[in-house]
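Report on the structure given below.
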Amino acid sequence: MSTPDAHSVGGDNPALAGQSLRNRSRAQRRALRTMTGQLIVTASAITATVTTIALLFVLPLMDALAVGTYSAAALAAAYALITFPRRAAAVGFALVAAALVFTIGRSYDLGAAASWAAILACAVTSVAVFSTRRTTRTPYLPTVAALTVIVTAFWTTAALALPRWLWVAPALITSLVAVGWRAAWPITWRAHHAGWRSKIRYRTGAPLAERPDGDGRWMAEEYLEVGADAERITAQMLTRLDDRWHVLHSRALHYTAADADHIVIGPAGVLLIDSKYRSGHFEARPWVTEDGTAGSDWFYNGQVLDASLAQSAIFEADRIAWAFHADGLDRQAVPIVLAIHGARMNVPWGKWTIELLGDPVDDDSETPVVGTRLVTLVDATHLLDYLTSLPARRFTTPTKHERAAGRQESLTPRQVEERAQRRYVRDLAAVCEHVFPRLK
């Protein structure tokens, strides 16, 4: 059986899976380069300071201070470029455009007001594109394109002796297009329309957290590579779902540097799938109490399974639930699935109840249980069987328009109902696409 394209299933291309781990690997290498560059700049600053002091005994005072000032400015620029490359690039683009505008204004004697207005437009455009809340696309191309149009429009207006402020219209349009392209405004519009049509309440955060270059934990490259491979394998498996399902990979969450490996939207609702690679053996040992309550205790390599395995997934699921106004310990709106790769399991899948512990009142009291979370451990080779076995939920009722369209097409009430549920799932996927931005 051939694997269909990911977009026939709906959602992201599976190649995007594992992006967060690849980002962490790049961030670790970038951190090493940054530290090396900062050490070089620091050593250069010490050398420049000693040289400037020595020049005070050789050159006139003003000449020696000029050498020190120029050296300090160059070192400060190098430090900013190494430590804050994107901010330095934004400032650099704006300064180059401002210099060109200033030169054109002086050459054609356009006056200070027009020149400073164009310089302000270049600065605002550069800052706006680079500081866009949704950082799903590179800022360099739209910034350079927008600044090029602004400078070209300003020069054309001056060279052809057109009305002095005619350049403002193309500059404004280009700036809005550049910001909208990086901010993915079409995705935002589709989400608003989908949320209004299906009455889906959601919140996006104000603003979305900026992802730092790593979180202070250094991971070996081989572990990152294995984790990324597990996420890619899961993504490839999910492409075999039918078109009722939509899959998003490596999505950022609100107010945190955490990300979701796979967000799956389908007839069963919104699910979080976290890919885990482990070696060894997972074992579920079922039990039944006298009152008929059944459950399972989970063991990993003969030891009681540590709840830390699902800690990050529980946090991510709570962030997703928060986005849909379904947060709280009293309910679990987002099912958690751990797709286990590598290790053997004695069952295809099974439920695992995790107790959430609070803070004890004092040193002598026991740690209270403040809630529970239900996690499903699934052998990755049975992931599709598990997802397709989930019962379909009834999210909404058909609208008047859908009922009328069904009568015109001679559809049965059940077919109209199925069409309404599919519409809701599509709208829910559009909202998730907007609410949880794709990692760069």
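Residue numbering restarts at 1 in every chain; chains get A, B, ... in the order shown in the structure tokens, and ligands count up from 1 in that same order.
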
Q.
Env of Ala88 in chain A: 12 Å cut, atoms = only C-alpha atoms, seq-sep filter 2 positions within chain, self excluded. Answer as number ranges by chain.
A. A: 76-86, 90-95, 126-127, 130, 140

Please save N, CA and C atoms of the selected residues as a PDB file, in the first residue's frame.
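Output below, filename result.pdb:
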```
ATOM      1  N   ALA A  76      31.531  46.766  19.791  1.00  0.00           N
ATOM      2  CA  ALA A  76      30.129  46.722  20.207  1.00  0.00           C
ATOM      3  C   ALA A  76      29.250  46.181  19.088  1.00  0.00           C
ATOM      4  N   ALA A  77      29.523  46.602  17.844  1.00  0.00           N
ATOM      5  CA  ALA A  77      28.747  46.089  16.710  1.00  0.00           C
ATOM      6  C   ALA A  77      28.980  44.597  16.522  1.00  0.00           C
ATOM      7  N   ALA A  78      30.236  44.160  16.673  1.00  0.00           N
ATOM      8  CA  ALA A  78      30.526  42.732  16.538  1.00  0.00           C
ATOM      9  C   ALA A  78      29.840  41.923  17.638  1.00  0.00           C
ATOM     10  N   TYR A  79      29.833  42.449  18.862  1.00  0.00           N
ATOM     11  CA  TYR A  79      29.180  41.747  19.969  1.00  0.00           C
ATOM     12  C   TYR A  79      27.677  41.630  19.722  1.00  0.00           C
ATOM     13  N   ALA A  80      27.056  42.734  19.264  1.00  0.00           N
ATOM     14  CA  ALA A  80      25.613  42.687  18.980  1.00  0.00           C
ATOM     15  C   ALA A  80      25.303  41.718  17.858  1.00  0.00           C
ATOM     16  N   LEU A  81      26.152  41.692  16.835  1.00  0.00           N
ATOM     17  CA  LEU A  81      25.910  40.790  15.712  1.00  0.00           C
ATOM     18  C   LEU A  81      26.037  39.332  16.127  1.00  0.00           C
ATOM     19  N   ILE A  82      26.944  39.050  17.058  1.00  0.00           N
ATOM     20  CA  ILE A  82      27.143  37.675  17.518  1.00  0.00           C
ATOM     21  C   ILE A  82      26.048  37.258  18.488  1.00  0.00           C
ATOM     22  N   THR A  83      25.700  38.152  19.427  1.00  0.00           N
ATOM     23  CA  THR A  83      24.760  37.799  20.495  1.00  0.00           C
ATOM     24  C   THR A  83      23.310  37.937  20.055  1.00  0.00           C
ATOM     25  N   PHE A  84      22.997  38.984  19.297  1.00  0.00           N
ATOM     26  CA  PHE A  84      21.613  39.237  18.856  1.00  0.00           C
ATOM     27  C   PHE A  84      21.597  39.373  17.336  1.00  0.00           C
ATOM     28  N   PRO A  85      21.806  38.274  16.598  1.00  0.00           N
ATOM     29  CA  PRO A  85      21.958  38.394  15.142  1.00  0.00           C
ATOM     30  C   PRO A  85      20.733  38.951  14.444  1.00  0.00           C
ATOM     31  N   ARG A  86      19.539  38.552  14.861  1.00  0.00           N
ATOM     32  CA  ARG A  86      18.342  39.015  14.156  1.00  0.00           C
ATOM     33  C   ARG A  86      18.079  40.488  14.432  1.00  0.00           C
ATOM     34  N   ALA A  90      18.040  43.499  11.708  1.00  0.00           N
ATOM     35  CA  ALA A  90      16.940  44.454  11.527  1.00  0.00           C
ATOM     36  C   ALA A  90      17.456  45.882  11.561  1.00  0.00           C
ATOM     37  N   VAL A  91      18.315  46.177  12.534  1.00  0.00           N
ATOM     38  CA  VAL A  91      18.889  47.523  12.619  1.00  0.00           C
ATOM     39  C   VAL A  91      19.759  47.811  11.409  1.00  0.00           C
ATOM     40  N   GLY A  92      20.532  46.803  10.986  1.00  0.00           N
ATOM     41  CA  GLY A  92      21.402  46.998   9.825  1.00  0.00           C
ATOM     42  C   GLY A  92      20.621  47.287   8.552  1.00  0.00           C
ATOM     43  N   PHE A  93      19.562  46.528   8.294  1.00  0.00           N
ATOM     44  CA  PHE A  93      18.735  46.785   7.115  1.00  0.00           C
ATOM     45  C   PHE A  93      18.151  48.197   7.154  1.00  0.00           C
ATOM     46  N   ALA A  94      17.640  48.587   8.323  1.00  0.00           N
ATOM     47  CA  ALA A  94      17.038  49.915   8.447  1.00  0.00           C
ATOM     48  C   ALA A  94      18.073  51.011   8.231  1.00  0.00           C
ATOM     49  N   LEU A  95      19.294  50.833   8.750  1.00  0.00           N
ATOM     50  CA  LEU A  95      20.332  51.861   8.583  1.00  0.00           C
ATOM     51  C   LEU A  95      20.749  51.987   7.117  1.00  0.00           C
ATOM     52  N   SER A 126      11.019  47.641   9.173  1.00  0.00           N
ATOM     53  CA  SER A 126      12.000  46.651   9.605  1.00  0.00           C
ATOM     54  C   SER A 126      11.666  46.097  10.986  1.00  0.00           C
ATOM     55  N   VAL A 127      11.338  46.990  11.915  1.00  0.00           N
ATOM     56  CA  VAL A 127      11.008  46.547  13.275  1.00  0.00           C
ATOM     57  C   VAL A 127       9.724  45.723  13.276  1.00  0.00           C
ATOM     58  N   PHE A 130      10.351  42.138  11.858  1.00  0.00           N
ATOM     59  CA  PHE A 130      11.178  41.309  12.725  1.00  0.00           C
ATOM     60  C   PHE A 130      10.513  41.009  14.063  1.00  0.00           C
ATOM     61  N   TYR A 140      13.948  37.882   6.852  1.00  0.00           N
ATOM     62  CA  TYR A 140      14.929  38.575   6.017  1.00  0.00           C
ATOM     63  C   TYR A 140      14.373  38.940   4.643  1.00  0.00           C
TER      64      TYR A 140
END
```

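The list of residues with at least one atom within 7 Å of Ser198 in chain A, based on only C-alpha atoms and without residues fewer than 2 positions apart in the same chain, reads Ala194, Gly195, Trp196, Ile200, Tyr424 and Asp427 of chain A.
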
Pull C-alpha atoms from the residues just selected and write them as a compact mmCIF listing (two decimals), in the first residue's frame.
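Written out: out.txt:
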```
# COMPACT_ATOMS: atom_id res chain seq x y z
CA ALA A 194 -13.89 28.68 11.16
CA GLY A 195 -14.32 29.61 14.81
CA TRP A 196 -17.31 31.81 14.01
CA ILE A 200 -15.33 27.22 18.55
CA TYR A 424 -16.64 20.91 12.53
CA ASP A 427 -12.89 24.11 11.32
```

Q) Which value, in Å to one decimal, gives the distance between CA of Ala294 in chain A and CA of Ser308 in chain A? A) 23.4 Å

Q: Using DSSP on the backbone coordinates, identify the residues of range 229-297 of chain A assigned to alpha helix (DSSP H); present them as an NGL selection string.
A: :A and (229-238)

Saved selection, atoms kept: C-alpha atoms, as a JSON list (two decimals), in the first residue's frame:
```
[["chain", "number", "residue", "atom", "x", "y", "z"],
["A", 229, "ASP", "CA", 13.79, 9.88, 14.06],
["A", 230, "ALA", "CA", 11.01, 8.61, 16.36],
["A", 231, "GLU", "CA", 8.91, 11.70, 15.61],
["A", 232, "ARG", "CA", 9.46, 11.29, 11.86],
["A", 233, "ILE", "CA", 8.41, 7.63, 12.01],
["A", 234, "THR", "CA", 5.24, 8.58, 13.88],
["A", 235, "ALA", "CA", 4.53, 11.31, 11.33],
["A", 236, "GLN", "CA", 4.91, 8.86, 8.45],
["A", 237, "MET", "CA", 2.50, 6.45, 10.15],
["A", 238, "LEU", "CA", -0.09, 9.19, 10.58]]
```

**Q.** Contacts of Ile265 in chain A within 10 Å, only C-alpha atoms, excl. fewer than 3 positions in-chain, as a count of residues only
**A.** 19

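Computed from the coordinates, the CA of Arg373 in chain A to CA of Trp298 in chain A distance equals 14.4 Å.
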
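Between CA of Leu338 in chain A and CA of Gly350 in chain A the interatomic distance comes to 10.2 Å.
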
Q. Among range 247-368 of chain A, which ones does DSSP place in strand (DSSP E or B), written as an MDAnalysis selection string?
A. chainID A and resid 247:252 259:266 269:277 281:288 294:300 303:304 336:341 344:345 349:357

Q.
Taking 5 positions as the minimum chain separation for residues in the same chain, which residues sit within 8 Å of range 405-407 of chain A when counting only C-alpha atoms? Answer as number ranges by chain.
A. A: 412-413, 416

Q: Extract, using only C-alpha atoms, all DNA, RNA and protein residues at most 10 Å from Ser44 in chain A, discarding same-chain residues fewer than 5 positions from it, and format them as a PyMOL selection string.
A: chain A and resi 38-39+49-50+71-72+75

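Closest approach to Arg203 in chain A from the set A:Ala191, A:Leu166, A:Gly68, A:Leu56 is made by A:Ala191, with distances taken over only C-alpha atoms.
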
Q.
For a quick check of understanding, using only C-alpha atoms, which of A:Ala161, A:Leu110, A:Ala54, A:Ala128 has the smallest distance to Ala146 in chain A?
A. A:Ala128

Q | Residues within 10 Å of Asp297 in chain A, only C-alpha atoms, excluding chain neighbours under 5 positions, as a count of residues only | A | 11

Q. Do you know which residues are at most 9 Å from Leu147 in chain A counting only C-alpha atoms, after dropping those on the same chain fewer than 4 positions away, and could you put them as a ChimeraX atom specification?
A. /A:93-94,97,121-122,125-126,142-143,151-152,171,174-175
